[in-house]
$ cat my_file32.txt   # compact mmCIF, C-alpha atoms
# COMPACT_ATOMS: atom_id res chain seq x y z
CA MET A 884 91.50 29.65 162.58
CA MET A 885 90.88 31.81 159.58
CA ASN A 886 88.12 34.39 159.64
CA ASP A 887 85.29 34.34 157.16
CA ARG A 888 86.08 38.00 156.34
CA PRO A 889 89.67 38.49 155.25
CA ASP A 890 91.39 41.30 157.12
CA LEU A 891 92.40 43.25 154.04
CA GLY A 892 93.16 46.49 155.90
CA GLY A 893 95.48 44.70 158.32
CA PHE A 894 97.12 42.80 155.51
CA PHE A 895 97.99 45.90 153.53
CA LEU A 896 99.14 47.66 156.67
CA ARG A 897 101.53 44.83 157.50
CA HIS A 898 102.75 44.61 153.94
CA ARG A 899 103.22 48.18 152.86
CA PRO A 900 105.64 48.58 149.97
CA LEU A 901 109.14 49.55 151.02
CA ASP A 902 109.66 53.29 150.88
CA PRO A 903 111.28 54.60 147.72
CA ASP A 904 114.58 56.40 147.72
CA PRO A 905 114.35 59.73 149.61
CA ALA A 906 115.43 61.55 146.47
CA PHE A 907 112.87 59.69 144.39
CA GLU A 908 110.93 62.75 143.21
CA ASP A 909 114.08 64.75 142.51
CA SER A 910 115.46 61.98 140.36
CA ILE A 911 112.25 61.84 138.31
CA VAL A 912 112.34 65.57 137.66
CA ARG A 913 116.04 65.48 136.80
CA ALA A 914 115.56 62.54 134.45
CA ALA A 915 112.70 64.24 132.67
CA LEU A 916 114.33 67.63 132.33
CA SER A 917 117.58 66.16 131.11
CA SER A 918 115.78 64.16 128.46
CA ASP A 919 116.25 65.51 124.96
CA ARG A 920 113.71 63.26 123.34
CA ILE A 921 110.92 65.71 122.83
CA HIS A 922 107.88 64.42 121.01
CA LEU A 923 105.80 67.25 119.69
CA ARG A 924 102.15 66.92 118.87
CA PRO A 925 101.21 67.08 115.16
CA GLY A 926 100.07 70.72 115.41
CA GLN A 927 103.35 71.79 116.99
CA GLN A 928 105.29 69.78 114.42
CA ARG A 929 103.53 71.56 111.55
CA LEU A 930 104.25 74.97 113.08
CA ASN A 931 107.89 74.08 113.61
CA ALA A 932 108.21 72.79 110.06
CA LEU A 933 106.74 76.03 108.75
CA LEU A 934 109.14 78.13 110.82
CA HIS A 935 112.09 76.08 109.65
CA LEU A 936 111.32 76.87 106.04
CA PHE A 937 112.81 80.30 106.68
CA PRO A 938 116.22 81.12 108.05
CA GLN A 939 115.98 82.38 111.59
CA PRO A 940 117.00 86.08 111.01
CA VAL A 941 114.29 86.57 108.39
CA PRO A 942 111.41 87.49 110.69
CA ALA A 943 113.48 90.10 112.54
CA LEU A 944 114.91 91.47 109.31
CA SER A 945 111.47 91.69 107.71
CA PHE A 946 110.17 93.51 110.72
CA ALA A 947 113.07 95.98 110.64
CA VAL A 948 112.56 96.66 106.92
CA LEU A 949 108.85 97.19 107.48
CA VAL A 950 109.44 99.68 110.30
CA LEU A 951 112.11 101.54 108.34
CA GLY A 952 109.82 101.66 105.32
CA VAL A 953 106.92 103.10 107.26
CA VAL A 954 109.13 105.68 108.97
CA GLY A 955 110.78 106.53 105.68
CA LEU A 956 107.49 107.06 103.89
CA PHE A 957 106.28 109.26 106.71
CA PHE A 958 109.30 111.54 106.49
CA LEU A 959 109.33 111.66 102.70
CA GLY A 960 105.78 113.01 102.70
CA GLN A 961 102.85 110.85 101.81
CA PRO A 962 100.87 113.47 99.72
CA SER A 963 103.47 113.44 97.01
CA LEU A 964 103.63 109.68 96.76
CA PRO A 965 103.30 108.59 93.17
CA ILE A 966 100.70 106.14 91.98
CA PRO A 967 102.78 103.60 90.16
CA PHE A 968 101.81 102.71 86.63
CA SER A 969 98.79 105.02 86.63
CA GLN A 970 97.71 107.28 83.81
CA GLU A 971 98.36 110.44 85.86
CA SER A 972 101.98 109.70 86.47
CA GLY A 973 102.57 108.50 82.94
CA GLY A 974 102.86 104.82 83.71
CA GLY A 975 105.89 103.27 85.36
CA GLN A 976 108.04 106.27 84.55
CA GLY A 977 106.08 108.33 87.09
CA LEU A 978 107.36 106.24 89.94
CA ILE A 979 110.96 106.65 88.84
CA VAL A 980 110.55 110.39 88.34
CA SER A 981 109.03 110.77 91.78
CA ILE A 982 111.80 108.78 93.38
CA ALA A 983 114.32 110.93 91.53
CA ASP A 984 112.57 114.04 92.83
CA GLU A 985 112.78 112.77 96.35
CA TYR A 986 116.42 111.92 95.83
CA GLU A 987 117.12 115.41 94.59
CA LEU A 988 115.45 116.83 97.59
CA PHE A 989 118.04 115.21 99.81
CA PHE A 990 121.09 114.69 97.67
CA GLY A 991 120.91 117.20 94.85
CA GLU A 992 120.86 116.43 91.12
CA ALA A 993 119.65 112.94 90.40
CA GLU A 994 119.34 112.93 86.65
CA ASP A 995 122.58 111.08 86.13
CA VAL A 996 121.55 108.43 88.54
CA PHE A 997 117.95 107.71 87.59
CA LEU A 998 117.28 109.01 84.11
CA MET B 363 86.02 70.75 136.52
CA LEU B 364 84.85 73.16 133.89
CA LEU B 365 87.15 74.68 131.35
CA SER B 366 86.15 78.15 132.56
CA ASP B 367 87.36 77.24 136.05
CA MET B 368 90.64 76.18 134.56
CA THR B 369 91.13 79.43 132.75
CA LYS B 370 90.20 81.34 135.88
CA SER B 371 92.77 79.45 137.84
CA GLY B 372 95.22 79.85 135.00
CA ARG B 373 98.10 82.24 134.66
CA THR B 374 96.19 85.36 135.36
CA ALA B 375 98.06 85.88 138.61
CA GLY B 376 101.68 85.89 137.67
CA ASN B 377 103.29 82.60 136.96
CA GLY B 378 100.34 80.74 138.39
CA VAL B 379 101.69 77.44 139.72
CA SER B 380 100.65 77.06 143.31
CA SER B 381 99.72 74.30 145.68
CA GLU B 382 96.05 74.95 144.90
CA THR B 383 96.41 74.58 141.15
CA PRO B 384 94.38 71.54 140.06
CA ASP B 385 96.22 68.58 138.60
CA GLU B 386 94.39 68.92 135.32
CA VAL B 387 95.59 72.51 134.84
CA LEU B 388 99.15 71.51 135.65
CA ALA B 389 98.92 68.63 133.20
CA LEU B 390 97.73 70.97 130.46
CA TRP B 391 100.62 73.34 131.15
CA VAL B 392 103.05 70.46 130.97
CA ARG B 393 101.54 69.20 127.76
CA ASP B 394 101.18 72.52 125.99
CA VAL B 395 103.99 74.74 127.23
CA ARG B 396 106.23 72.20 128.96
CA ASP B 397 106.06 74.09 132.20
CA GLN B 398 108.78 72.78 134.52
CA ALA B 399 107.19 74.08 137.71
CA ALA B 400 103.88 72.41 136.85
CA PHE B 401 105.67 69.16 136.08
CA THR B 402 107.65 69.26 139.31
CA LEU B 403 104.49 69.86 141.31
CA LEU B 404 102.75 66.91 139.67
CA VAL B 405 105.72 64.72 140.53
CA PHE B 406 105.90 65.79 144.15
CA ARG B 407 102.16 65.51 144.61
CA HIS B 408 101.60 62.00 143.35
CA ALA B 409 104.81 60.10 142.64
CA ARG B 410 104.71 58.14 145.90
CA MET B 411 101.15 57.02 145.42
CA PHE B 412 101.99 55.89 141.89
CA TYR B 413 105.10 54.21 143.25
CA ARG B 414 102.96 52.12 145.60
CA ALA B 415 100.60 51.29 142.73
CA ALA B 416 103.55 50.19 140.60
CA TYR B 417 105.01 48.19 143.48
CA ARG B 418 101.77 46.32 144.03
CA GLY B 419 101.29 45.92 140.29
CA LEU B 420 104.57 44.01 140.11
CA GLY B 421 103.14 41.48 142.55
CA THR B 422 105.50 38.74 143.53
CA LEU B 423 108.45 40.24 141.69
CA ALA B 424 108.20 43.74 143.17
CA THR B 425 111.32 45.58 144.24
CA PRO B 426 111.60 49.28 145.12
CA GLU B 427 113.99 49.82 142.21
CA GLU B 428 111.62 48.34 139.64
CA ALA B 429 108.66 50.29 141.00
CA GLU B 430 110.68 53.53 141.01
CA ASP B 431 111.78 52.83 137.48
CA ILE B 432 108.21 52.38 136.28
CA VAL B 433 107.03 55.63 137.82
CA GLN B 434 110.01 57.50 136.43
CA GLU B 435 109.39 56.06 132.99
CA ALA B 436 105.76 57.15 133.12
CA TYR B 437 106.62 60.70 134.15
CA VAL B 438 109.44 61.02 131.62
CA ARG B 439 107.16 59.80 128.85
CA PHE B 440 104.61 62.37 129.89
CA TRP B 441 107.21 65.13 129.87
CA GLU B 442 108.49 64.08 126.46
CA GLY B 443 104.99 64.17 125.04
CA ARG B 444 104.85 60.46 124.38
CA LEU B 445 101.71 60.09 126.49
CA HIS B 446 98.72 61.94 125.18
CA TRP B 447 96.90 63.44 128.10
CA ARG B 448 93.60 64.80 126.82
CA PHE B 449 91.40 66.99 128.88
CA PHE B 450 87.89 65.70 129.46
CA PRO B 451 85.54 67.16 132.04
CA ASN B 452 85.18 64.86 135.04
CA VAL B 453 88.23 62.79 134.15
CA ARG B 454 91.00 63.36 136.62
CA PHE B 455 94.65 63.45 135.73
CA THR B 456 95.43 61.00 138.51
CA SER B 457 93.00 58.39 137.23
CA TRP B 458 94.52 58.59 133.76
CA PHE B 459 98.07 58.47 135.10
CA TYR B 460 97.18 55.63 137.47
CA ARG B 461 96.14 53.56 134.45
CA VAL B 462 99.38 54.49 132.69
CA VAL B 463 101.44 53.34 135.67
CA THR B 464 99.50 50.12 136.26
CA ASN B 465 99.72 49.24 132.57
CA LEU B 466 103.46 49.85 132.59
CA ALA B 467 103.74 47.67 135.69
CA LYS B 468 101.76 44.94 133.98
CA ASP B 469 104.05 45.07 130.93
CA ARG B 470 107.12 45.07 133.13
CA LEU B 471 105.81 42.11 135.14
CA ARG B 472 105.18 40.16 131.95
CA ARG B 473 108.72 40.79 130.75
CA MET B 474 110.17 39.92 134.14
CA ARG B 475 108.24 36.64 134.20
CA VAL B 476 109.48 35.75 130.76
CA ARG B 477 113.06 36.50 131.82
CA LYS B 478 112.60 34.51 134.98
CA GLU B 479 111.18 31.55 133.12
CA GLN B 480 114.07 31.65 130.73
CA SER B 481 116.72 31.86 133.41
CA PHE B 482 115.31 29.40 135.93
CA SER B 483 113.96 25.94 135.69
CA ALA B 484 110.22 25.57 135.29
CA GLY B 485 109.70 24.27 138.81
CA ASP B 486 110.90 27.41 140.60
CA GLU B 487 108.32 29.35 142.54
CA PRO B 488 108.38 33.15 142.30
CA ALA B 489 109.47 35.06 145.35
CA ASP B 490 106.88 35.96 147.93
CA MET B 491 105.40 39.39 147.19
CA SER B 492 105.16 40.29 150.81
CA VAL B 493 107.76 41.84 153.00
CA PRO B 494 109.19 39.12 155.21
CA ALA B 495 106.99 38.86 158.23
CA ASP B 496 108.18 40.20 161.52
CA SER B 497 109.46 37.45 163.74
CA SER B 498 107.05 38.53 166.46
CA GLU B 499 104.05 37.74 164.28
CA SER B 500 102.44 34.45 164.89
CA ASP B 501 102.68 31.66 162.37
CA GLU B 502 98.96 31.82 161.92
CA VAL B 503 98.99 35.45 160.85
CA GLU B 504 101.91 34.78 158.54
CA ALA B 505 100.20 31.83 156.93
CA ARG B 506 97.01 33.81 156.50
CA ASP B 507 98.88 36.74 154.99
CA ASN B 508 100.70 34.52 152.54
CA ALA B 509 97.45 32.93 151.46
CA LEU B 510 95.85 36.35 151.13
CA ALA B 511 98.77 37.67 149.09
CA ARG B 512 98.44 34.75 146.71
CA GLU B 513 94.72 35.20 146.33
CA ILE B 514 94.92 38.97 145.85
CA SER B 515 97.51 38.61 143.13
CA ALA B 516 95.28 36.00 141.47
CA LEU B 517 92.31 38.38 141.30
CA PRO B 518 91.41 39.92 137.93
CA ASP B 519 93.29 43.20 137.46
CA ARG B 520 90.35 45.54 137.97
CA GLN B 521 89.21 43.76 141.11
CA ARG B 522 92.71 43.77 142.52
CA GLN B 523 93.06 47.48 141.83
CA ALA B 524 89.73 48.14 143.54
CA VAL B 525 90.89 46.27 146.64
CA GLU B 526 94.25 48.02 146.68
CA LEU B 527 92.86 51.52 146.30
CA CYS B 528 90.28 50.92 148.96
CA TYR B 529 92.33 49.02 151.54
CA ALA B 530 95.95 49.86 150.81
CA GLU B 531 95.50 53.51 149.88
CA GLY B 532 92.57 54.01 152.23
CA MET B 533 90.54 55.83 149.61
CA SER B 534 86.82 56.29 149.82
CA ASN B 535 84.77 54.32 147.30
CA LYS B 536 84.02 57.53 145.42
CA ALA B 537 87.66 58.61 145.20
CA ALA B 538 88.77 55.12 144.22
CA ALA B 539 86.06 54.93 141.55
CA GLU B 540 87.29 58.24 140.11
CA MET B 541 90.84 57.00 140.21
CA MET B 542 89.90 53.90 138.24
CA GLY B 543 87.73 55.90 135.89
CA VAL B 544 84.56 53.94 136.60
CA LYS B 545 81.18 54.82 138.04
CA LEU B 546 80.65 54.38 141.75
CA LYS B 547 78.22 51.47 141.25
CA ALA B 548 80.68 49.71 138.98
CA PHE B 549 83.45 50.19 141.53
CA GLU B 550 81.30 48.82 144.35
CA SER B 551 80.48 45.85 142.20
CA LEU B 552 84.18 45.21 141.53
CA LEU B 553 84.96 45.48 145.22
CA SER B 554 82.10 43.25 146.21
CA ARG B 555 83.12 40.56 143.73
CA ALA B 556 86.71 40.76 144.91
CA ARG B 557 85.67 40.39 148.54
CA SER B 558 83.43 37.44 147.83
CA THR B 559 86.15 35.77 145.78
CA LEU B 560 88.65 36.22 148.59
CA ARG B 561 86.15 35.06 151.18
CA ALA B 562 85.34 31.95 149.17
CA THR B 563 88.95 31.06 148.50
CA LEU B 564 90.23 31.76 151.98
CA ASN B 565 87.42 30.04 153.81
CA PRO B 566 88.74 26.60 154.67
CA SER B 567 85.32 25.01 154.37
CA GLY B 568 84.53 26.77 151.08
CA THR B 569 85.61 25.73 147.65
CA LYS B 570 88.27 27.54 145.75
CA GLY B 571 87.17 29.48 142.70
CA GLY B 572 84.32 31.85 142.08
CA SER B 573 86.61 34.49 140.64
CA ASP B 574 84.41 36.38 138.24
CA ASP B 575 85.86 38.17 135.31
CA GLU B 576 85.07 41.62 134.08
$ encode --input "my_file32.txt" --output "structure tokens"
Amino acid sequence: MMNDRPDLGGFFLRHRPLDPDPAFEDSIVRAALSSDRIHLRPGQQRLNALLHLFPQPVPALSFAVLVLGVVGLFFLGQPSLPIPFSQESGGGQGLIVSIADEYELFFGEAEDVFL
Amino acid sequence: MLLSDMTKSGRTAGNGVSSETPDEVLALWVRDVRDQAAFTLLVFRHARMFYRAAYRGLGTLATPEEAEDIVQEAYVRFWEGRLHWRFFPNVRFTSWFYRVVTNLAKDRLRRMRVRKEQSFSAGDEPADMSVPADSSESDEVEARDNALAREISALPDRQRQAVELCYAEGMSNKAAAEMMGVKLKAFESLLSRARSTLRATLNPSGTKGGSDDE
């Protein structure tokens, strides 16, 4: 005779799902990690698109140029730096003259090269 | 869980992933930095529970292979970023992923039924969802179990899930309510309606029916 209250606990105990494969979890992880279908969120996509506008070596090259420039300016002596295109240095020529002076300092006569 | 708790339990101590790391933190790491260790931990923590949910969700057509496939598909989709886990306070990762898995199982079941209908004649009955009964069990128990299996699979989805979480997974009402993403009162109501439906349909003197929808 059937009970008024169904024995749900007993039912589910008698009818537990069959166990999955012992390597079930491993196979999930392997499947996921081997998947190459990566779907980026819109924010990540925008960032990636921005980065791909430039060739990959550019950031490293820019950084190297910046460092070399700063170091170079330091050794060449900041007080004598010209103010480009100002009245004092006689406009754009001042910059060239100053560069020529610096060149002379290291390599000798620079008139033939710059002027 | 508060966001501040998450950051505290974040990667301040080395690489961070430990058995105490909350699911929600692991899920964020998977989503944002595709952390393999976090993903692996989420798989090993919950895959079997989701497997059972998928198995039961497939009802009469359940096989271990299909259930495994559903869980794998859910996890792979999550890893690939095709599922959008969003952090909300008081919403657990498991309750969100449980819904993902049960919805995938429902879709799979629909497709399997269509295939079955196409390949067999209309009069064929689907296979019994239950594991074949042990020969030592009495006929009465077997008959009752078969009737119960039919009635449980005929329950509305939410009621069936409430029954399964409570009786098959042995969860407390509070934990099961969190898993389903409903308030405790709403969960108790679902469970109560499911019980009364089953009682009414399985009682030989009662009339069949009374299954209330959500």
$ atom_distance --input "my_file32.txt" --atom1 "CA of Val463 in chain B" --atom2 "CA of Val433 in chain B"
6.4 Å
$ residues_near_point --input "my_file32.txt" --point "(103.1, 68.5, 142.8)" --cutoff "10 Å" --atoms "only C-alpha atoms" --output "NGL selection string"
(:A and (908)) or (:B and (379-385 or 388 or 399-409))
$ closest_residue --input "my_file32.txt" --among "B:Met541, B:Ala389, B:Leu420, B:Val438" --to "Ser917 in chain A" --atoms "all atoms listed in the file"
B:Val438
$ interface_residues --input "my_file32.txt" --of "chain B" --to "chain A" --cutoff "7 Å" --atoms "all atoms listed in the file" --output "PyMOL selection string"
chain B and resi 402+405-406+409+414+417+426+430+434+438+441-444+492-493+507+529-530+561+565
$ write_last_selection --input "my_file32.txt" --atoms "C-alpha atoms" --output "mmCIF file, in the coordinates of the input"
data_model
loop_
_atom_site.group_PDB
_atom_site.id
_atom_site.type_symbol
_atom_site.label_atom_id
_atom_site.label_comp_id
_atom_site.auth_asym_id
_atom_site.auth_seq_id
_atom_site.Cartn_x
_atom_site.Cartn_y
_atom_site.Cartn_z
ATOM 1 C CA THR B 402 107.650 69.260 139.310
ATOM 2 C CA VAL B 405 105.720 64.720 140.530
ATOM 3 C CA PHE B 406 105.900 65.790 144.150
ATOM 4 C CA ALA B 409 104.810 60.100 142.640
ATOM 5 C CA ARG B 414 102.960 52.120 145.600
ATOM 6 C CA TYR B 417 105.010 48.190 143.480
ATOM 7 C CA PRO B 426 111.600 49.280 145.120
ATOM 8 C CA GLU B 430 110.680 53.530 141.010
ATOM 9 C CA GLN B 434 110.010 57.500 136.430
ATOM 10 C CA VAL B 438 109.440 61.020 131.620
ATOM 11 C CA TRP B 441 107.210 65.130 129.870
ATOM 12 C CA GLU B 442 108.490 64.080 126.460
ATOM 13 C CA GLY B 443 104.990 64.170 125.040
ATOM 14 C CA ARG B 444 104.850 60.460 124.380
ATOM 15 C CA SER B 492 105.160 40.290 150.810
ATOM 16 C CA VAL B 493 107.760 41.840 153.000
ATOM 17 C CA ASP B 507 98.880 36.740 154.990
ATOM 18 C CA TYR B 529 92.330 49.020 151.540
ATOM 19 C CA ALA B 530 95.950 49.860 150.810
ATOM 20 C CA ARG B 561 86.150 35.060 151.180
ATOM 21 C CA ASN B 565 87.420 30.040 153.810
#
$ atom_distance --input "my_file32.txt" --atom1 "CA of Arg557 in chain B" --atom2 "CA of Thr456 in chain B"
24.9 Å
$ residues_around --input "my_file32.txt" --residues "Cys528 in chain B" --least-positions-apart "4" --cutoff "9 Å" --atoms "all atoms listed in the file" --output "MDAnalysis selection string"
(chainID A and resid 892) or (chainID B and resid 523:524 532:535 537:538 553)
